[in-house]
4 protein chains.
Amino acid sequence: MRPGLILKLSSPDHPGIVAKIASYVASHRGNLIEFNQFSDQLEKKFFARLEIDTSDLDVDIGDFKSGFGTLGRSLQADWHFRILPYKMKTAVLVTKTDHCLNEILLRTELNELPIEITSLIGNRDNCRPLAERSGIPFHHVEMDGPFREQGFFKIRELLSAQNVELIVLARFMQILPDDFCREYAGKIINIHHSFLPAFAGANPYRQAHERGVKLIGATCHYVTSDLDAGPIIEQEVERVHHFHSPADLARLGRHCERIALAKGIRYHVHDRTLIDGHRAIVFPD
Amino acid sequence: MRPGLILKLSSPDHPGIVAKIASYVASHRGNLIEFNQFSDQLEKKFFARLEIDTSDLDVDIGDFKSGFGTLGRSLQADWHFRILPYKMKTAVLVTKTDHCLNEILLRTELNELPIEITSLIGNRDNCRPLAERSGIPFHHVEMDGPFREQGFFKIRELLSAQNVELIVLARFMQILPDDFCREYAGKIINIHHSFLPAFAGANPYRQAHERGVKLIGATCHYVTSDLDAGPIIEQEVERVHHFHSPADLARLGRHCERIALAKGIRYHVHDRTLIDGHRAIVFPD
Amino acid sequence: MRPGLILKLSSPDHPGIVAKIASYVASHRGNLIEFNQFSDQLEKKFFARLEIDTSDLDVDIGDFKSGFGTLGRSLQADWHFRILPYKMKTAVLVTKTDHCLNEILLRTELNELPIEITSLIGNRDNCRPLAERSGIPFHHVEMDGPFREQGFFKIRELLSAQNVELIVLARFMQILPDDFCREYAGKIINIHHSFLPAFAGANPYRQAHERGVKLIGATCHYVTSDLDAGPIIEQEVERVHHFHSPADLARLGRHCERIALAKGIRYHVHDRTLIDGHRAIVFPD
Amino acid sequence: MRPGLILKLSSPDHPGIVAKIASYVASHRGNLIEFNQFSDQLEKKFFARLEIDTSDLDVDIGDFKSGFGTLGRSLQADWHFRILPYKMKTAVLVTKTDHCLNEILLRTELNELPIEITSLIGNRDNCRPLAERSGIPFHHVEMDGPFREQGFFKIRELLSAQNVELIVLARFMQILPDDFCREYAGKIINIHHSFLPAFAGANPYRQAHERGVKLIGATCHYVTSDLDAGPIIEQEVERVHHFHSPADLARLGRHCERIALAKGIRYHVHDRTLIDGHRAIVFPD
């Protein structure tokens, strides 16, 4: 990642909005590396992501950011700046399987995901060996039966203590409480092991096998209190045949899960996603 | 298509079943061109499709077929022979849009689909020009409101008069009556304009747009009285983005529909499908 | 297609270039529907495509276009305006097979391709029936052996008489003379029946079969005098297996050809392509 | 993997060959789990892979295998039996990058690859940390400049001492000597970072970027002394755009490499591949 600034913005659509934003950047000698935008003609909304090279800026970055406020407010916009380079403090929540965790760790090492994994939390111990091999502290949190409420309390204490900005549910087999979802709205990413909205709920691979579908998939989405219905970031499918057993579907599904989750996280941490109600606007790279 | 014989068979799984079938073929000097089989280990069932070169057969084909009966019954099998070359008498039912019909006509001309389109039936007149350009008689059947029942009666008369073996619903916007589905069980193929089981029902492209899915699809399936739940033959997906309007999704969806339907028909008319309850076993080529 | 204006532009990269262009549009109350741009950081070049709703423009369109000249020249840009709606005068050149032609005709009827096919030219008569069924005049031009030179002369007379803006080689099995390529530079689109740069030259399906590749493809590209090496617009692949004969590869390849060519033409006629030396910049929809 | 037996066989095509093989299995109460075969009509060759449940066998497995010899010789076949469950002794050769190695390790842990990695050999030290974290001995072998010949000598000593059956070149940046290729013919799998036969040779991502291709890929193939031309087992592609820099192509390419290599190894160690001259017959699962 280059040094610079990312600006993410959504607003009602306005005449001349692109000119206004681009002119503000140019007026302070910011250099546009990328400028993605989307004018939703149906909803009359505007969404944009700018990547700005700030090396020639004629003011300091703090000044540049605060100076934008006047324009932003006049556009009735929501906006967000991020200074690059950046590593997002990330918690990964797991239960038994570690293939998604492995993918996250590998892509982080390959510099494909600018995150810092501040904590790995599991309600089972299965992922501890991989965590320890990778030098990341593993927190076991008991959540079964009566321990559920206190488990979530403990998790939120950890997240809060570490100023976590992103929570990845990497095959975490617990449903988050509503107020947890609300507190971290737009900051929790889940991988669902089916091609949503087909096969929501438990055991999607058995459902897919019984239904004889010819493609299975996985869905990476933001978590809302409406289970399996949060904004979709990325989906991945794999072709299947009659000779694939439920175990084969699970194997092929793991593959989809790893890819969809890795892409979804990448888009989020590079600020390539904007949530718009039930949908996510994604500017892929 | 080469001259020869296709044998399709399903039965309980038996020890030595492949040897028995292959030995019968070999004993009369049939030459196996293809032998696809599937032993379903979960359900203890056996499915097979054989393509047999009959040029060196030591009996005539009728004799070969009837002689197989003793073995077939001992295996408690359902089986079906088809003599090659073969053109399947096919009716295509349409309403307004003709992109699926066009695909069927093109692939038939390209010798990719061994069918003879005996009749084209529409409850609207929109597809008449394409039919007439292609030299195929077009039957307009009124089905709106009170004419529905008598419309289906007239369709079944046509199908019966022409000994139709395959009915393709190429974007036919009417729900078939239950007894129609039963009479032609395993012989009606539909193209559904979504990736089933997601977005069953009407207006899937609008549903997909509102939900913000990142892949849309189409599903080719056998029609049963259980709407949109018949055995799936083929599915196709296309990647979509936030900037795709419902009209764009419909455009991309048309593309999926054409591909999935053309493949589904091809598999059926080449006897590459076996229906097993809610699923279809498909040996693709 | 909405009424409006498309502006395509390429230039050296300049500080503030997006602001300048967007401000010009906004200053005359043009409304940006889409604004795609690409800053090539390696080559220091800038490419953009704007789609502008002109219904609130405060000058007439001619004035708006000519007024842009001052800015365009100051940016040392190449640019091009197109007034919407627009139908591009297109010639399709064919030899024997008509599957690509069929695809173009179908997509034109479906309003997916805003073109007007002014002439269909073939050096064989095989596509005449499809042309006539579709009500498009078919010109047979003899090109074998000694007739080649005079054949191309006749083709260019036709193209010139009809003010053709786009020439599609839809499986046209003749190599264009260099001066023809130069005269219509950036206006000739070919479909090559392989995944270029693999298997350039003749008989790619036989080459692919012998090599045992697991994917075959087709490439839609601009034609230059450097055979099979023009800028690539779109590529499509299909998975293949050992059991596919060269005839099967040709069947699957036809499918890739139709898709890649239809997409390639669509991108071109919607001005979504910009040629940059050996490459094409494509903003897909 | 179930207990049982895999039989792989290739031979000239013979009348009744399927019946003969299946009858031999059935005559000793072997139960066919899978029976894939391919009759190459062009070359008059036969290829098969059988997976046999041996729990009801009426002889011991050794007897069953040796008894097959009479039939096998009468068919002029090459054949190979493998007793299940089986773990194939595998050496992985690496240089700098470890993403392919990581994929192999992960899939092995997930029981997707029945291999035992007996040794990890690198001509650089970059992969040592991952090897050690995974508890696999890492052998550094110096191969630069004058050390090349003695490096290969040392590698072959290691392979021989450990009775290695499969050698995986997981981004090993050295060309193997001819006699090495011959000694381990059909037992060396390489991942090439392009969609072969396009972009053979060095720096395929830079070549792809300059050529502006719209799809990049990776190819998993057997190694022969003819560089980059061995039988292809699997290929994978990813769609790319003009905005992808060579570094982006490398990132997307890594992804293709991991997938194609993992599938290729899986097919090989499950005996799903048969080499036929320049091609590989692959029965995928």
# chains A, B, ... in the order shown; residues from 1 in each chain; ligands from 1
>>> interface_residues(of="chain B", to="chain C", cutoff="10 Å", atoms="only C-alpha atoms", output="list in words")
Glu34, Thr97, Asp98, His99, Asn102, Glu103, Leu106, Arg107, Glu109, Leu110, Asn111, Glu112, Leu130, Glu132, Arg133, Ser134, Val240, His241, Phe243, His244, Asp248, Arg251, His255, Ile259 and Asp285 of chain B
>>> select_by_dssp(residues="range 26-272 of chain A", states="strand (DSSP E or B)", output="VMD selection string")
chain A and resid 31 to 40 45 to 53 78 to 84 88 to 94 115 to 122 138 to 140 166 to 169 188 to 192 215 to 222 232 to 239
>>> residues_around(residues="range 136-138 of chain C", least_positions_apart="5", cutoff="10 Å", atoms="only C-alpha atoms", output="ChimeraX atom specification")
/C:92-93,105,117-122,125,127-131
>>> write_last_selection(atoms="all heavy atoms", output="compact mmCIF listing (two decimals), in the first residue's frame")
# COMPACT_ATOMS: atom_id res chain seq x y z
N VAL C 92 -20.69 -6.86 -41.23
CA VAL C 92 -20.26 -8.15 -40.69
C VAL C 92 -19.71 -8.98 -41.84
O VAL C 92 -20.39 -9.17 -42.85
CB VAL C 92 -21.42 -8.88 -39.99
CG1 VAL C 92 -20.95 -10.20 -39.40
CG2 VAL C 92 -22.05 -8.00 -38.92
N LEU C 93 -18.47 -9.45 -41.67
CA LEU C 93 -17.84 -10.27 -42.70
C LEU C 93 -17.80 -11.72 -42.24
O LEU C 93 -17.38 -12.00 -41.11
CB LEU C 93 -16.42 -9.77 -42.98
CG LEU C 93 -16.29 -8.64 -44.02
CD1 LEU C 93 -17.07 -7.40 -43.61
CD2 LEU C 93 -14.82 -8.28 -44.23
N LEU C 105 -27.01 -11.02 -34.53
CA LEU C 105 -28.38 -10.69 -34.92
C LEU C 105 -29.32 -10.75 -33.72
O LEU C 105 -30.14 -9.86 -33.49
CB LEU C 105 -28.86 -11.64 -36.02
CG LEU C 105 -28.13 -11.51 -37.37
CD1 LEU C 105 -28.59 -12.61 -38.33
CD2 LEU C 105 -28.36 -10.13 -37.98
N ILE C 117 -26.86 -3.07 -38.89
CA ILE C 117 -26.04 -3.88 -39.79
C ILE C 117 -26.34 -3.44 -41.21
O ILE C 117 -27.37 -3.77 -41.77
CB ILE C 117 -26.29 -5.38 -39.59
CG1 ILE C 117 -25.98 -5.76 -38.13
CG2 ILE C 117 -25.43 -6.20 -40.54
CD1 ILE C 117 -26.24 -7.19 -37.79
N THR C 118 -25.42 -2.68 -41.76
CA THR C 118 -25.66 -2.12 -43.10
C THR C 118 -25.34 -3.12 -44.18
O THR C 118 -25.86 -3.03 -45.28
CB THR C 118 -24.80 -0.87 -43.32
OG1 THR C 118 -23.45 -1.20 -43.00
CG2 THR C 118 -25.25 0.25 -42.41
N SER C 119 -24.49 -4.07 -43.87
CA SER C 119 -24.19 -5.05 -44.90
C SER C 119 -23.55 -6.28 -44.32
O SER C 119 -22.81 -6.22 -43.34
CB SER C 119 -23.27 -4.46 -45.96
OG SER C 119 -22.19 -3.83 -45.34
N LEU C 120 -23.87 -7.35 -44.96
CA LEU C 120 -23.33 -8.64 -44.61
C LEU C 120 -22.57 -9.12 -45.83
O LEU C 120 -23.12 -9.22 -46.92
CB LEU C 120 -24.50 -9.59 -44.36
CG LEU C 120 -24.56 -10.14 -42.96
CD1 LEU C 120 -25.94 -10.62 -42.69
CD2 LEU C 120 -23.55 -11.26 -42.85
N ILE C 121 -21.30 -9.37 -45.63
CA ILE C 121 -20.44 -9.72 -46.77
C ILE C 121 -19.84 -11.09 -46.52
O ILE C 121 -19.29 -11.34 -45.44
CB ILE C 121 -19.32 -8.68 -46.94
CG1 ILE C 121 -19.93 -7.28 -47.12
CG2 ILE C 121 -18.41 -9.03 -48.10
CD1 ILE C 121 -18.93 -6.15 -47.06
N GLY C 122 -19.96 -11.98 -47.49
CA GLY C 122 -19.39 -13.31 -47.33
C GLY C 122 -18.59 -13.73 -48.55
O GLY C 122 -18.97 -13.43 -49.67
N ASP C 125 -21.25 -18.64 -49.67
CA ASP C 125 -22.67 -18.33 -49.68
C ASP C 125 -23.41 -18.91 -48.45
O ASP C 125 -24.61 -18.71 -48.29
CB ASP C 125 -23.32 -18.88 -50.96
CG ASP C 125 -23.80 -17.74 -51.85
OD1 ASP C 125 -23.83 -16.59 -51.37
OD2 ASP C 125 -24.13 -18.00 -53.02
N CYS C 127 -23.85 -18.24 -45.35
CA CYS C 127 -24.61 -17.41 -44.42
C CYS C 127 -25.77 -16.66 -45.10
O CYS C 127 -26.50 -15.94 -44.44
CB CYS C 127 -23.69 -16.41 -43.72
SG CYS C 127 -22.50 -17.21 -42.64
N ARG C 128 -25.91 -16.83 -46.41
CA ARG C 128 -26.95 -16.12 -47.11
C ARG C 128 -28.35 -16.41 -46.53
O ARG C 128 -29.12 -15.47 -46.28
CB ARG C 128 -26.92 -16.42 -48.60
CG ARG C 128 -27.92 -15.58 -49.40
CD ARG C 128 -28.00 -15.99 -50.86
NE ARG C 128 -26.81 -15.69 -51.63
CZ ARG C 128 -26.54 -14.48 -52.18
NH1 ARG C 128 -27.38 -13.48 -52.02
NH2 ARG C 128 -25.45 -14.31 -52.88
N PRO C 129 -28.69 -17.69 -46.28
CA PRO C 129 -30.05 -17.95 -45.78
C PRO C 129 -30.36 -17.20 -44.48
O PRO C 129 -31.41 -16.58 -44.34
CB PRO C 129 -30.07 -19.46 -45.55
CG PRO C 129 -29.00 -20.01 -46.44
CD PRO C 129 -27.95 -18.96 -46.51
N LEU C 130 -29.43 -17.23 -43.53
CA LEU C 130 -29.67 -16.53 -42.27
C LEU C 130 -29.81 -15.03 -42.51
O LEU C 130 -30.68 -14.37 -41.93
CB LEU C 130 -28.52 -16.81 -41.28
CG LEU C 130 -28.60 -16.11 -39.93
CD1 LEU C 130 -29.92 -16.37 -39.23
CD2 LEU C 130 -27.45 -16.56 -39.02
N ALA C 131 -28.96 -14.48 -43.38
CA ALA C 131 -29.04 -13.05 -43.69
C ALA C 131 -30.42 -12.73 -44.25
O ALA C 131 -31.08 -11.78 -43.80
CB ALA C 131 -27.96 -12.67 -44.69
>>> residues_around(residues="Met88 in chain A", least_positions_apart="4", cutoff="9 Å", atoms="only C-alpha atoms", output="VMD selection string")
chain A and resid 114 to 117 164 to 166 269
>>> atom_distance(atom1="CA of Lys45 in chain D", atom2="CA of Ser11 in chain D")
5.9 Å
>>> residues_around(residues="Asp179 in chain B", least_positions_apart="4", cutoff="10 Å", atoms="only C-alpha atoms", output="PyMOL selection string")
chain B and resi 183-185+224-225
>>> residues_around(residues="Gln37 in chain B", least_positions_apart="5", cutoff="7 Å", atoms="only C-alpha atoms", output="list in words")
Phe47, Ala48 and Arg49 of chain B
>>> select_by_dssp(residues="range 110-204 of chain D", states="helix (DSSP H, G or I)", output="number ranges by chain")
D: 128-133, 145-161, 178-183, 204
>>> closest_residue(among="D:Gln174, D:Ser10, D:Ser160, D:Gln150", to="Ser39 in chain D", atoms="only C-alpha atoms")
D:Ser10
>>> atom_distance(atom1="CA of Leu215 in chain A", atom2="CA of Arg239 in chain A")
4.4 Å
>>> residues_around(residues="Leu75 in chain C", least_positions_apart="3", cutoff="8 Å", atoms="only C-alpha atoms", output="VMD selection string")
chain C and resid 11 to 12 14 17 71 to 72
>>> write_last_selection(atoms="N, CA and C atoms", output="short mmCIF file (atom, residue, chain, number, x, y, z; two decimals), in the first residue's frame")
data_model
loop_
_atom_site.label_atom_id
_atom_site.label_comp_id
_atom_site.auth_asym_id
_atom_site.auth_seq_id
_atom_site.Cartn_x
_atom_site.Cartn_y
_atom_site.Cartn_z
N SER C 11 -5.05 10.71 -22.37
CA SER C 11 -4.10 11.82 -22.34
C SER C 11 -2.94 11.46 -21.41
N PRO C 12 -1.88 12.26 -21.43
CA PRO C 12 -0.91 12.10 -20.34
C PRO C 12 -1.62 12.39 -19.02
N HIS C 14 -2.33 14.22 -15.67
CA HIS C 14 -2.11 15.60 -15.22
C HIS C 14 -2.68 15.74 -13.81
N ILE C 17 -6.75 16.43 -13.26
CA ILE C 17 -7.42 16.20 -14.54
C ILE C 17 -8.90 15.81 -14.33
N LEU C 71 -10.15 22.83 -23.22
CA LEU C 71 -9.65 21.99 -22.13
C LEU C 71 -8.90 20.78 -22.70
N GLY C 72 -9.53 20.13 -23.67
CA GLY C 72 -8.93 18.93 -24.25
C GLY C 72 -7.53 19.20 -24.77
#
>>> closest_residue(among="C:Ser55, C:Val168, C:Arg182, C:Asp228", to="Pro197 in chain C", atoms="only C-alpha atoms")
C:Asp228
>>> atom_distance(atom1="CA of Asn36 in chain C", atom2="CA of Phe283 in chain C")
7.0 Å
>>> closest_residue(among="A:Lys87, A:His270, A:Lys154, A:His278", to="Asp226 in chain A", atoms="only C-alpha atoms")
A:His278
>>> closest_residue(among="A:His140, A:Lys263, A:Arg171, A:His221", to="Lys187 in chain A", atoms="only C-alpha atoms")
A:His221
>>> decode(residues="range 257-269 of chain C", atoms="all heavy atoms", output="mmCIF file, in the first residue's frame")
data_model
loop_
_atom_site.group_PDB
_atom_site.id
_atom_site.type_symbol
_atom_site.label_atom_id
_atom_site.label_comp_id
_atom_site.auth_asym_id
_atom_site.auth_seq_id
_atom_site.Cartn_x
_atom_site.Cartn_y
_atom_site.Cartn_z
ATOM 1 N N GLU C 257 -16.696 -18.432 -28.542
ATOM 2 C CA GLU C 257 -16.607 -17.412 -29.588
ATOM 3 C C GLU C 257 -17.813 -16.480 -29.552
ATOM 4 O O GLU C 257 -17.668 -15.257 -29.638
ATOM 5 C CB GLU C 257 -16.533 -18.078 -30.972
ATOM 6 C CG GLU C 257 -15.260 -18.867 -31.204
ATOM 7 C CD GLU C 257 -15.392 -19.831 -32.377
ATOM 8 O OE1 GLU C 257 -16.260 -19.641 -33.243
ATOM 9 O OE2 GLU C 257 -14.609 -20.800 -32.416
ATOM 10 N N ARG C 258 -18.991 -17.075 -29.445
ATOM 11 C CA ARG C 258 -20.215 -16.274 -29.449
ATOM 12 C C ARG C 258 -20.219 -15.297 -28.279
ATOM 13 O O ARG C 258 -20.550 -14.114 -28.432
ATOM 14 C CB ARG C 258 -21.444 -17.178 -29.359
ATOM 15 C CG ARG C 258 -21.652 -18.015 -30.613
ATOM 16 C CD ARG C 258 -22.609 -19.169 -30.366
ATOM 17 N NE ARG C 258 -23.935 -18.703 -29.984
ATOM 18 C CZ ARG C 258 -24.852 -19.443 -29.350
ATOM 19 N NH1 ARG C 258 -24.574 -20.689 -29.000
ATOM 20 N NH2 ARG C 258 -26.015 -18.955 -29.066
ATOM 21 N N ILE C 259 -19.847 -15.778 -27.107
ATOM 22 C CA ILE C 259 -19.894 -14.933 -25.912
ATOM 23 C C ILE C 259 -18.845 -13.832 -25.983
ATOM 24 O O ILE C 259 -19.128 -12.652 -25.753
ATOM 25 C CB ILE C 259 -19.683 -15.780 -24.640
ATOM 26 C CG1 ILE C 259 -20.815 -16.788 -24.512
ATOM 27 C CG2 ILE C 259 -19.592 -14.896 -23.412
ATOM 28 C CD1 ILE C 259 -20.602 -17.764 -23.381
ATOM 29 N N ALA C 260 -17.615 -14.217 -26.298
ATOM 30 C CA ALA C 260 -16.535 -13.227 -26.311
ATOM 31 C C ALA C 260 -16.787 -12.172 -27.378
ATOM 32 O O ALA C 260 -16.576 -10.974 -27.150
ATOM 33 C CB ALA C 260 -15.179 -13.920 -26.544
ATOM 34 N N LEU C 261 -17.269 -12.587 -28.546
ATOM 35 C CA LEU C 261 -17.505 -11.622 -29.618
ATOM 36 C C LEU C 261 -18.654 -10.672 -29.255
ATOM 37 O O LEU C 261 -18.537 -9.454 -29.429
ATOM 38 C CB LEU C 261 -17.815 -12.339 -30.936
ATOM 39 C CG LEU C 261 -18.088 -11.414 -32.131
ATOM 40 C CD1 LEU C 261 -16.907 -10.501 -32.415
ATOM 41 C CD2 LEU C 261 -18.429 -12.224 -33.385
ATOM 42 N N ALA C 262 -19.739 -11.234 -28.719
ATOM 43 C CA ALA C 262 -20.885 -10.385 -28.371
ATOM 44 C C ALA C 262 -20.489 -9.354 -27.312
ATOM 45 O O ALA C 262 -20.859 -8.178 -27.396
ATOM 46 C CB ALA C 262 -22.042 -11.244 -27.874
ATOM 47 N N LYS C 263 -19.725 -9.787 -26.325
ATOM 48 C CA LYS C 263 -19.286 -8.828 -25.299
ATOM 49 C C LYS C 263 -18.340 -7.794 -25.884
ATOM 50 O O LYS C 263 -18.427 -6.598 -25.590
ATOM 51 C CB LYS C 263 -18.597 -9.566 -24.140
ATOM 52 C CG LYS C 263 -19.555 -10.325 -23.256
ATOM 53 C CD LYS C 263 -18.869 -10.736 -21.944
ATOM 54 C CE LYS C 263 -19.809 -11.549 -21.072
ATOM 55 N NZ LYS C 263 -19.114 -12.147 -19.907
ATOM 56 N N GLY C 264 -17.415 -8.251 -26.706
ATOM 57 C CA GLY C 264 -16.445 -7.340 -27.300
ATOM 58 C C GLY C 264 -17.120 -6.256 -28.130
ATOM 59 O O GLY C 264 -16.788 -5.065 -28.020
ATOM 60 N N ILE C 265 -18.084 -6.665 -28.957
ATOM 61 C CA ILE C 265 -18.791 -5.668 -29.776
ATOM 62 C C ILE C 265 -19.550 -4.706 -28.871
ATOM 63 O O ILE C 265 -19.524 -3.489 -29.070
ATOM 64 C CB ILE C 265 -19.767 -6.362 -30.749
ATOM 65 C CG1 ILE C 265 -19.005 -7.254 -31.732
ATOM 66 C CG2 ILE C 265 -20.598 -5.333 -31.517
ATOM 67 C CD1 ILE C 265 -19.919 -8.099 -32.630
ATOM 68 N N ARG C 266 -20.215 -5.261 -27.857
ATOM 69 C CA ARG C 266 -20.974 -4.410 -26.941
ATOM 70 C C ARG C 266 -20.078 -3.348 -26.309
ATOM 71 O O ARG C 266 -20.435 -2.175 -26.235
ATOM 72 C CB ARG C 266 -21.639 -5.267 -25.856
ATOM 73 C CG ARG C 266 -22.461 -4.447 -24.877
ATOM 74 C CD ARG C 266 -23.207 -5.341 -23.866
ATOM 75 N NE ARG C 266 -23.715 -4.532 -22.780
ATOM 76 C CZ ARG C 266 -24.926 -3.989 -22.751
ATOM 77 N NH1 ARG C 266 -25.769 -4.190 -23.727
ATOM 78 N NH2 ARG C 266 -25.293 -3.238 -21.733
ATOM 79 N N TYR C 267 -18.920 -3.757 -25.827
ATOM 80 C CA TYR C 267 -18.022 -2.786 -25.192
ATOM 81 C C TYR C 267 -17.609 -1.715 -26.203
ATOM 82 O O TYR C 267 -17.538 -0.536 -25.885
ATOM 83 C CB TYR C 267 -16.782 -3.477 -24.620
ATOM 84 C CG TYR C 267 -17.087 -4.455 -23.518
ATOM 85 C CD1 TYR C 267 -16.282 -5.574 -23.283
ATOM 86 C CD2 TYR C 267 -18.199 -4.291 -22.687
ATOM 87 C CE1 TYR C 267 -16.559 -6.481 -22.269
ATOM 88 C CE2 TYR C 267 -18.489 -5.206 -21.673
ATOM 89 C CZ TYR C 267 -17.662 -6.291 -21.473
ATOM 90 O OH TYR C 267 -17.937 -7.182 -20.479
ATOM 91 N N HIS C 268 -17.328 -2.145 -27.431
ATOM 92 C CA HIS C 268 -16.889 -1.179 -28.437
ATOM 93 C C HIS C 268 -17.994 -0.181 -28.777
ATOM 94 O O HIS C 268 -17.752 1.033 -28.792
ATOM 95 C CB HIS C 268 -16.423 -1.908 -29.707
ATOM 96 C CG HIS C 268 -16.030 -0.966 -30.808
ATOM 97 N ND1 HIS C 268 -14.778 -0.424 -30.905
ATOM 98 C CD2 HIS C 268 -16.745 -0.436 -31.833
ATOM 99 C CE1 HIS C 268 -14.718 0.384 -31.946
ATOM 100 N NE2 HIS C 268 -15.905 0.404 -32.528
ATOM 101 N N VAL C 269 -19.192 -0.666 -29.057
ATOM 102 C CA VAL C 269 -20.228 0.255 -29.544
ATOM 103 C C VAL C 269 -20.769 1.120 -28.406
ATOM 104 O O VAL C 269 -21.370 2.168 -28.666
ATOM 105 C CB VAL C 269 -21.391 -0.480 -30.270
ATOM 106 C CG1 VAL C 269 -20.875 -1.137 -31.541
ATOM 107 C CG2 VAL C 269 -22.101 -1.463 -29.377
#
